[in-house]
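K.L.:
final33.txt is reproduced below (compact mmCIF, C-alpha atoms and all ligand atoms).
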```txt
# COMPACT_ATOMS: atom_id res chain seq x y z
CA MET A 1 0.00 0.00 0.00
CA ASN A 2 1.27 3.51 -0.80
CA LEU A 3 1.76 5.96 2.04
CA SER A 4 -0.82 8.28 0.51
CA GLU A 5 -3.48 5.58 0.93
CA MET A 6 -2.60 4.75 4.53
CA HIS A 7 -4.39 5.54 7.74
CA VAL A 8 -1.58 5.45 10.31
CA VAL A 9 -1.94 5.48 14.09
CA VAL A 10 0.97 7.08 15.93
CA THR A 11 0.98 5.96 19.58
CA GLY A 12 2.69 8.50 21.80
CA GLY A 13 2.15 10.90 18.91
CA ALA A 14 1.89 13.93 21.23
CA GLY A 15 5.41 13.37 22.60
CA ARG A 16 8.72 14.81 21.45
CA VAL A 17 9.51 12.27 18.74
CA GLY A 18 5.85 12.08 17.72
CA LYS A 19 5.64 15.83 17.12
CA THR A 20 8.93 15.85 15.19
CA LEU A 21 7.97 12.91 13.03
CA ARG A 22 4.47 14.18 12.33
CA LYS A 23 5.86 17.53 11.24
CA ALA A 24 8.25 15.75 8.90
CA MET A 25 5.79 13.31 7.32
CA SER A 26 2.11 13.49 8.35
CA ALA A 27 1.20 15.14 5.04
CA GLU A 28 2.29 11.99 3.20
CA PHE A 29 -0.54 9.89 4.71
CA ARG A 30 -4.25 9.80 3.97
CA LYS A 31 -5.03 10.02 7.67
CA VAL A 32 -3.06 10.11 10.92
CA THR A 33 -4.49 9.29 14.33
CA VAL A 34 -2.44 10.81 17.14
CA LEU A 35 -3.04 8.35 19.98
CA ASP A 36 -1.79 9.46 23.38
CA LEU A 37 -2.69 9.82 27.05
CA VAL A 38 -3.06 13.53 26.36
CA ALA A 39 -5.27 15.07 23.69
CA GLU A 40 -3.04 16.60 21.03
CA THR A 41 -4.44 19.96 19.97
CA ASP A 42 -1.81 21.01 17.44
CA LEU A 43 -3.17 18.95 14.55
CA ALA A 44 -2.74 19.09 10.80
CA GLU A 45 -5.76 18.82 8.51
CA ASN A 46 -5.44 15.07 8.03
CA GLU A 47 -4.73 14.37 11.73
CA VAL A 48 -7.17 13.43 14.50
CA ALA A 49 -6.47 13.02 18.22
CA SER A 50 -7.39 9.88 20.12
CA VAL A 51 -7.02 9.80 23.90
CA CYS A 52 -6.18 6.25 24.89
CA ASP A 53 -4.03 4.40 27.40
CA ILE A 54 -2.12 1.59 25.65
CA VAL A 55 -2.30 -0.38 28.91
CA ASP A 56 -6.06 -0.79 28.32
CA LEU A 57 -6.26 -3.53 25.66
CA ALA A 58 -9.99 -3.15 24.93
CA ALA A 59 -9.72 0.62 24.50
CA LEU A 60 -6.61 0.27 22.37
CA THR A 61 -8.19 -2.36 20.13
CA GLY A 62 -11.15 -0.05 19.55
CA ALA A 63 -8.87 2.91 18.85
CA LEU A 64 -6.99 1.00 16.13
CA GLU A 65 -10.11 0.17 14.14
CA GLY A 66 -9.69 1.13 10.48
CA ALA A 67 -5.92 1.67 10.70
CA ASP A 68 -3.59 0.26 8.03
CA ALA A 69 -0.30 0.63 9.92
CA LEU A 70 1.09 1.67 13.31
CA ILE A 71 3.97 3.84 14.44
CA HIS A 72 4.50 2.87 18.07
CA LEU A 73 6.22 5.52 20.19
CA ALA A 74 4.18 5.48 23.43
CA GLY A 75 5.86 4.67 26.72
CA TYR A 76 8.51 5.85 29.15
CA PRO A 77 11.59 7.06 27.24
CA ILE A 78 14.04 6.59 30.15
CA ASP A 79 14.60 4.25 33.10
CA GLN A 80 11.79 4.03 35.64
CA ALA A 81 10.90 1.68 38.47
CA ILE A 82 10.57 -1.78 36.96
CA GLU A 83 6.86 -2.01 37.92
CA ASP A 84 6.09 1.06 35.80
CA ILE A 85 8.23 -0.11 32.89
CA LEU A 86 6.55 -3.54 32.93
CA ARG A 87 3.07 -2.01 33.04
CA VAL A 88 3.48 0.64 30.35
CA ASN A 89 6.38 -0.28 28.04
CA CYS A 90 6.04 -4.06 28.19
CA GLN A 91 2.31 -4.68 28.73
CA GLY A 92 1.51 -1.67 26.53
CA THR A 93 3.63 -3.01 23.67
CA TRP A 94 2.16 -6.48 24.06
CA ASN A 95 -1.31 -4.90 23.90
CA LEU A 96 -0.36 -2.98 20.77
CA TYR A 97 0.50 -6.20 18.92
CA GLU A 98 -2.51 -8.07 20.23
CA ALA A 99 -4.79 -5.20 19.21
CA ALA A 100 -3.09 -5.04 15.80
CA ARG A 101 -3.65 -8.79 15.32
CA GLN A 102 -7.31 -8.47 16.27
CA GLN A 103 -7.75 -5.56 13.86
CA GLY A 104 -5.87 -7.27 10.99
CA ILE A 105 -3.12 -4.63 10.89
CA GLY A 106 0.02 -6.03 9.28
CA ARG A 107 2.64 -3.26 9.64
CA VAL A 108 4.32 -1.68 12.63
CA VAL A 109 7.28 0.66 12.98
CA GLN A 110 8.27 0.77 16.63
CA ALA A 111 10.68 2.95 18.56
CA SER A 112 13.20 0.65 20.13
CA SER A 113 16.36 2.22 21.52
CA ASN A 114 20.13 2.05 21.45
CA HIS A 115 19.76 1.24 25.16
CA ALA A 116 18.86 -2.32 24.08
CA THR A 117 22.62 -2.68 23.50
CA GLY A 118 23.92 0.01 25.86
CA PHE A 119 26.38 -2.24 27.68
CA TYR A 120 28.63 -2.70 24.68
CA ARG A 121 31.79 -0.69 25.01
CA ARG A 122 32.34 2.34 22.83
CA ASP A 123 35.30 0.71 21.10
CA GLN A 124 33.01 -2.05 19.77
CA ARG A 125 30.99 -1.87 16.58
CA VAL A 126 27.57 -3.35 17.23
CA SER A 127 25.09 -4.75 14.73
CA PRO A 128 21.50 -5.89 15.28
CA ASP A 129 22.47 -9.57 15.01
CA MET A 130 24.66 -9.36 18.13
CA PRO A 131 23.12 -10.31 21.50
CA MET A 132 21.02 -7.68 23.18
CA ARG A 133 22.76 -6.00 26.06
CA PRO A 134 20.34 -3.65 27.85
CA ASP A 135 21.62 -1.03 30.26
CA GLY A 136 18.58 -0.63 32.53
CA SER A 137 14.86 -1.22 32.98
CA TYR A 138 14.10 0.95 29.96
CA GLY A 139 16.59 -0.82 27.66
CA LEU A 140 15.20 -4.14 28.86
CA SER A 141 11.70 -3.08 27.80
CA LYS A 142 13.01 -2.25 24.33
CA CYS A 143 14.53 -5.76 24.08
CA PHE A 144 11.09 -7.07 25.06
CA GLY A 145 9.46 -4.96 22.35
CA GLU A 146 11.80 -6.34 19.68
CA LEU A 147 11.06 -9.88 20.85
CA VAL A 148 7.30 -9.27 20.81
CA ALA A 149 7.72 -8.06 17.22
CA GLY A 150 9.47 -11.36 16.42
CA LEU A 151 6.72 -13.38 18.04
CA TYR A 152 3.96 -11.58 16.16
CA TRP A 153 5.85 -12.00 12.89
CA ASP A 154 6.17 -15.74 13.44
CA LYS A 155 2.64 -16.26 14.74
CA ALA A 156 0.58 -13.59 13.04
CA GLY A 157 2.64 -12.37 10.08
CA ILE A 158 2.80 -8.79 11.35
CA ARG A 159 5.83 -7.05 9.84
CA THR A 160 7.81 -4.70 12.09
CA LEU A 161 10.77 -2.43 11.63
CA SER A 162 12.22 -1.73 15.09
CA LEU A 163 14.33 1.42 15.16
CA ARG A 164 17.02 1.43 17.82
CA ILE A 165 16.89 5.20 17.95
CA GLY A 166 19.98 6.97 19.23
CA ASN A 167 19.09 10.55 19.99
CA ALA A 168 16.14 12.09 18.13
CA MET A 169 16.39 15.81 18.77
CA ASP A 170 16.50 18.83 16.47
CA ARG A 171 20.31 18.95 16.75
CA PRO A 172 22.98 16.99 18.61
CA SER A 173 23.49 19.00 21.79
CA HIS A 174 25.70 16.80 23.97
CA ARG A 175 28.84 14.76 23.50
CA ARG A 176 27.14 11.38 23.11
CA GLY A 177 24.83 12.89 20.50
CA LEU A 178 27.86 13.29 18.24
CA VAL A 179 27.63 9.53 17.68
CA THR A 180 23.94 8.82 18.33
CA TRP A 181 21.90 11.61 16.75
CA ILE A 182 19.30 11.11 14.01
CA SER A 183 17.82 14.05 12.13
CA PRO A 184 14.06 14.42 11.69
CA ARG A 185 14.26 13.73 7.96
CA ASP A 186 16.48 10.67 8.40
CA LEU A 187 14.06 9.34 11.00
CA ALA A 188 11.18 9.95 8.59
CA GLN A 189 13.10 8.09 5.89
CA GLN A 190 13.50 5.07 8.17
CA VAL A 191 9.79 5.14 9.05
CA ARG A 192 8.89 5.28 5.35
CA ILE A 193 11.04 2.20 4.74
CA GLY A 194 9.45 0.45 7.70
CA LEU A 195 5.93 1.06 6.46
CA THR A 196 6.50 -0.02 2.86
CA HIS A 197 9.54 -2.25 2.30
CA PRO A 198 8.48 -5.78 1.23
CA ASP A 199 11.46 -7.56 2.83
CA ILE A 200 10.78 -6.49 6.41
CA ASP A 201 9.76 -9.25 8.82
CA ALA A 202 10.91 -8.59 12.40
CA THR A 203 13.76 -6.37 11.34
CA VAL A 204 15.94 -4.21 13.56
CA ILE A 205 18.08 -1.25 12.51
CA TYR A 206 19.81 1.62 14.31
CA GLY A 207 18.14 5.01 14.17
CA VAL A 208 21.13 7.21 13.47
CA SER A 209 22.22 9.73 10.83
CA ALA A 210 25.53 9.46 8.98
CA CYS A 211 28.43 9.22 11.37
CA GLU A 212 32.06 8.47 10.64
CA ASP A 213 33.56 6.05 13.18
CA GLY A 214 30.12 5.44 14.70
CA TRP A 215 29.34 2.66 17.15
CA TRP A 216 26.76 0.87 15.02
CA ASP A 217 26.96 -1.27 11.91
CA ASN A 218 23.81 -0.22 10.07
CA SER A 219 24.29 -2.43 7.00
CA VAL A 220 20.81 -3.91 7.50
CA ALA A 221 19.39 -0.41 7.09
CA THR A 222 21.58 0.20 4.05
CA ALA A 223 20.35 -3.04 2.46
CA LEU A 224 16.78 -1.76 2.90
CA GLY A 225 17.72 1.39 0.98
CA TYR A 226 18.42 3.77 3.87
CA VAL A 227 20.71 6.57 2.74
CA PRO A 228 21.10 9.14 5.52
CA GLN A 229 20.75 12.70 4.25
CA ASP A 230 22.42 14.32 7.23
CA ARG A 231 25.90 14.00 8.74
CA ILE A 232 25.95 14.41 12.50
CA GLU A 233 28.97 16.71 12.64
CA ASP A 234 27.28 19.23 10.33
CA PHE A 235 24.49 19.80 12.86
CA ALA A 236 26.23 19.64 16.24
CA THR A 237 25.79 22.65 18.53
CA PRO A 238 28.90 24.04 20.31
CA ASP A 239 27.56 22.45 23.53
CA ALA A 240 27.94 19.02 21.96
CA TRP A 241 31.66 19.49 21.34
CA THR A 242 32.39 21.10 24.71
CA SER A 243 30.07 19.24 27.09
CA PRO A 244 31.91 17.84 30.12
CA LEU A 245 32.99 14.24 30.37
CA GLU A 246 30.60 12.05 32.35
CA THR A 247 31.45 9.28 34.82
CA GLU A 248 34.10 6.80 33.74
CA VAL A 249 31.42 4.14 33.27
CA ALA A 250 29.29 6.45 31.16
CA GLU A 251 32.26 7.30 28.96
CA THR A 252 33.17 3.61 28.57
CA PHE A 253 29.85 2.11 27.51
CA GLN A 254 27.59 3.07 24.64
CA GLY A 255 24.56 3.64 26.88
CA GLY A 256 26.32 6.52 28.64
CA MET A 257 24.75 7.61 31.93
CA PHE A 258 22.15 4.84 31.69
CA CYS A 259 25.02 2.43 32.43
CA SER A 260 26.08 4.14 35.61
CA VAL A 261 22.68 4.46 37.26
CA ASN A 262 22.38 1.59 39.68
CA HIS A 263 19.22 -0.17 40.77
CA ASP A 264 18.79 2.29 43.63
CA GLY A 265 18.87 5.16 41.15
CA VAL A 266 22.23 6.43 42.44
CA ILE A 267 24.92 7.20 39.87
CA ARG A 268 28.16 5.36 40.61
CA GLY A 269 31.08 3.88 38.76
CA ARG A 270 31.25 0.13 38.23
CA ALA A 271 35.01 -0.22 38.54
CA ASP A 272 34.58 -3.98 38.40
CA LEU A 273 33.19 -3.74 34.88
CA LEU A 274 35.75 -1.24 33.68
CA SER A 275 38.66 -3.57 34.35
CA LYS A 276 37.10 -6.54 32.58
CA SER A 277 36.74 -7.32 28.92
CA ASN A 278 33.22 -7.67 27.53
CA SER A 279 33.46 -11.43 27.33
CA ASP A 280 34.24 -11.48 31.06
CA HIS A 281 30.85 -10.17 31.96
CA ASP A 282 28.73 -11.61 29.19
N1 LIG B 301 13.82 10.95 22.15
C1 LIG B 301 14.80 10.13 21.81
O1 LIG B 301 15.91 10.57 21.47
C2 LIG B 301 14.56 8.64 21.81
C3 LIG B 301 15.67 7.78 21.69
C4 LIG B 301 15.46 6.40 21.65
C5 LIG B 301 14.16 5.92 21.71
N2 LIG B 301 13.11 6.78 21.86
C6 LIG B 301 11.76 6.22 21.95
O2 LIG B 301 10.88 6.97 21.16
C7 LIG B 301 9.59 7.01 21.78
C8 LIG B 301 9.15 8.44 21.99
O3 LIG B 301 10.10 9.08 22.82
P1 LIG B 301 9.93 10.63 23.22
O4 LIG B 301 11.28 11.15 23.47
O5 LIG B 301 9.04 11.30 22.25
O6 LIG B 301 9.19 10.49 24.63
P2 LIG B 301 8.00 11.40 25.18
O7 LIG B 301 7.90 11.09 26.64
O8 LIG B 301 8.18 12.83 24.77
O9 LIG B 301 6.74 10.83 24.41
C9 LIG B 301 6.11 9.65 24.78
C10 LIG B 301 4.62 9.84 24.60
O10 LIG B 301 3.97 8.62 24.98
C11 LIG B 301 2.80 8.95 25.69
N3 LIG B 301 2.45 7.84 26.58
C12 LIG B 301 3.12 7.42 27.68
N4 LIG B 301 2.47 6.40 28.26
C13 LIG B 301 1.38 6.16 27.49
C14 LIG B 301 0.30 5.24 27.59
N5 LIG B 301 0.22 4.37 28.60
N6 LIG B 301 -0.65 5.26 26.62
C15 LIG B 301 -0.57 6.16 25.60
N7 LIG B 301 0.40 7.08 25.48
C16 LIG B 301 1.36 7.08 26.42
C17 LIG B 301 3.18 10.20 26.49
O11 LIG B 301 2.02 10.92 26.90
C18 LIG B 301 4.06 10.94 25.51
O12 LIG B 301 3.31 11.87 24.73
C19 LIG B 301 9.71 6.23 23.07
O13 LIG B 301 9.29 4.89 22.84
C20 LIG B 301 11.20 6.25 23.35
O14 LIG B 301 11.59 5.15 24.12
C21 LIG B 301 13.29 8.12 21.92
```
Can you turn what I pasted into structure tokens?

P.N.:
Amino acid sequence: MNLSEMHVVVTGGAGRVGKTLRKAMSAEFRKVTVLDLVAETDLAENEVASVCDIVDLAALTGALEGADALIHLAGYPIDQAIEDILRVNCQGTWNLYEAARQQGIGRVVQASSNHATGFYRRDQRVSPDMPMRPDGSYGLSKCFGELVAGLYWDKAGIRTLSLRIGNAMDRPSHRRGLVTWISPRDLAQQVRIGLTHPDIDATVIYGVSACEDGWWDNSVATALGYVPQDRIEDFATPDAWTSPLETEVAETFQGGMFCSVNHDGVIRGRADLLSKSNSDHD
């Protein structure tokens, strides 16, 4: 189906990434439903707001009626208490797929995160076929989301492109963003691929713009036709180049500060990890 024929539901569409993405590409769709806990008021002509909690399966199933494809962004975008992450990010994502199955929707693009592999070191080049390596409760929920996508491909034939987004802001504004940033139009390009490419099953790529010496091998994205339009260094703010170094752990692992926040929420170094090779703590 062409984008111009599609009715797309964007869960979490009133959030930061949702607003950015809708600005970049809503006009390409026949209709966009902005599904969120809050009623979006800043709507384009072909957009409608739908207030819905993705934790409520019956409500979500009703809200997806008539949709052709889903862009799933709803949930907590950083670490939270595990109970909250399980309820919203995990149960909510499960509900999304179950509702999609019930409504006969065959395409999903979901926001995964680089924090699914945050505990790889920065001197490693990571590709989606390497083992997941989450760096907290949030990263763990993104691993779960990718696995749910796999399950619903195998059992229900729903095709998903999971985007392990790095940092989706207007410009890279901190040091880590110099390796992780994705521009609005590159993100839109990846979403376009996810909604239309015939070879997608339960496919995972990294959501990042062009970056020399980056951390991620995005050859899967390249094979799907992704050609980033923007180079990170061309967009970096002065803050990005001059921002202070973080903890030693944060500077060692790809997940940055997510890797140095312990279960009690306190930021500390894990000296034991720093002295070991990756294989030592696999
Ligand atoms: N911003 C980034 O750089 C980045 C990086 C990697 C991944 N992501 C992922 O992209 C997605 C969007 O991130 P964001 O930065 O826009 O976060 P955000 O917090 O700005 O937006 C999330 C939206 O989801 C909605 N939401 C939360 N719980 C919900 C529920 N139970 N039912 C319905 N809606 C609910 C919120 O109201 C909010 O509008 C998230 O899945 C996040 O994990 C973002």

K.L.:
List as an NGL selection string the protein and nucleic acid residues lying within 7 Å of ligand LIG 301 (chain B), with only C-alpha atoms and all ligand atoms counted.

P.N.:
:A and (11-18 or 35-38 or 52-55 or 73-78 or 88 or 92 or 111-114 or 164-169)

K.L.:
Please measure the separation of atom CA of A:Gln190 and atom CA of A:Arg122, giving the value in Å to one decimal.

P.N.:
24.0 Å

K.L.:
At a cut-off of 10 Å, can you tabulate as a tab-separated table every residue of stretch 109-139 of chain A near stretch 218-222 of chain A together with its closest atom pair and the distance in Å to one decimal, using all atoms listed in the file and ordering rows by chain then number?

P.N.:
```
residue	atom	partner	partner_atom	distance
A:Arg125	CA	A:Asn218	CA	9.8
A:Val126	CA	A:Asn218	CA	8.7
A:Ser127	CA	A:Asn218	CA	6.6
A:Pro128	CA	A:Asn218	CA	8.0
A:Asp129	CA	A:Val220	CA	9.5
```

K.L.:
Could you tell me how far atom CA of A:Gly136 lies from atom CA of A:Phe258, in Å and to one decimal?

P.N.:
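Between atom CA of A:Gly136 and atom CA of A:Phe258 the gap works out to 6.6 Å.
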
K.L.:
With distances taken over all atoms listed in the file, which residue among A:Ala188, A:Leu86, A:Leu140, A:Ala202 lies nearest A:Arg107?

P.N.:
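Selected residue with least distance to A:Arg107: A:Ala202.
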
K.L.:
Around (7.9, -9.2, 21.1) in the file's own coordinates, what residues are found within 10 Å if you use only C-alpha atoms, given back as a ChimeraX atom specification?

P.N.:
/A:90,93-94,97,141-153,202

K.L.:
What is the distance, in Å and to one decimal place, between atom CA of A:Gln103 and atom CA of A:Arg159?

P.N.:
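Value for the atom CA of A:Gln103-atom CA of A:Arg159 distance: 14.2 Å.
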
K.L.:
I want to know what sits within 10 Å of A:Glu246, based on all atoms listed in the file, with residues of the same chain fewer than 6 positions away left out; could you give that as a PDB file with C-alpha atoms, in the frame of the given file?

P.N.:
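Dumped everything to selection_6.pdb:
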```
ATOM      1  CA  ARG A 175      28.840  14.760  23.500  1.00  0.00           C
ATOM      2  CA  ARG A 176      27.140  11.380  23.110  1.00  0.00           C
ATOM      3  CA  THR A 252      33.170   3.610  28.570  1.00  0.00           C
ATOM      4  CA  GLY A 256      26.320   6.520  28.640  1.00  0.00           C
ATOM      5  CA  MET A 257      24.750   7.610  31.930  1.00  0.00           C
ATOM      6  CA  SER A 260      26.080   4.140  35.610  1.00  0.00           C
TER       7      SER A 260
END
```

K.L.:
Around the point (10.2, 7.4, 4.4), in the coordinates given by the file, pick out the residues reaching within 12 Å, counting all atoms listed in the file, and return them as a ChimeraX atom specification.

P.N.:
/A:2-4,21-22,24-29,109,184-197,224-229

K.L.:
Can you tell me, as a short mmCIF file (atom, residue, chain, number, x, y, z; two decimals) with C-alpha atoms, in the coordinates of the input, what residues are no more than 10 Å from stretch 239-244 of chain A when counting all atoms listed in the file, ignoring any on the same chain fewer than 4 positions away?

P.N.:
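Contents of the output file selection_16.cif:
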```
data_model
loop_
_atom_site.label_atom_id
_atom_site.label_comp_id
_atom_site.auth_asym_id
_atom_site.auth_seq_id
_atom_site.Cartn_x
_atom_site.Cartn_y
_atom_site.Cartn_z
CA ARG A 171 20.31 18.95 16.75
CA PRO A 172 22.98 16.99 18.61
CA SER A 173 23.49 19.00 21.79
CA HIS A 174 25.70 16.80 23.97
CA ARG A 175 28.84 14.76 23.50
CA ARG A 176 27.14 11.38 23.11
CA GLY A 177 24.83 12.89 20.50
CA LEU A 178 27.86 13.29 18.24
CA GLU A 233 28.97 16.71 12.64
CA PHE A 235 24.49 19.80 12.86
#
```

K.L.:
Taking into account all atoms listed in the file, which residue in the set A:Tyr138, A:Phe253, A:Trp216, A:Trp181 is nearest to A:Asp79?

P.N.:
A:Tyr138

K.L.:
Pick out the closest residue to A:Leu64 from this set: A:Asn89, A:Glu40, A:Ala100, A:Ala81. Count all atoms listed in the file.

P.N.:
A:Ala100

K.L.:
Which of these, A:Thr247, A:Ser209, A:Thr61, A:Ser50, has the shortest distance to A:Cys259 once you count all atoms listed in the file?

P.N.:
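Residue with the minimum atom-to-atom distance to A:Cys259: A:Thr247.
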
K.L.:
Compare A:Leu57, A:Ile232, A:Ala116, A:Val32 by their minimum atom-to-atom distance to A:Gly255, counting only C-alpha atoms, and give me the closest one.

P.N.:
A:Ala116

K.L.:
In terms of the shortest atom-to-atom distance over all atoms listed in the file, which of A:Asp135, A:Asp230, A:Glu251, A:Asp84 is closest to A:Glu212?

P.N.:
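Checking each of A:Asp135, A:Asp230, A:Glu251, A:Asp84 against A:Glu212, counting all atoms listed in the file, the winner is A:Asp230.
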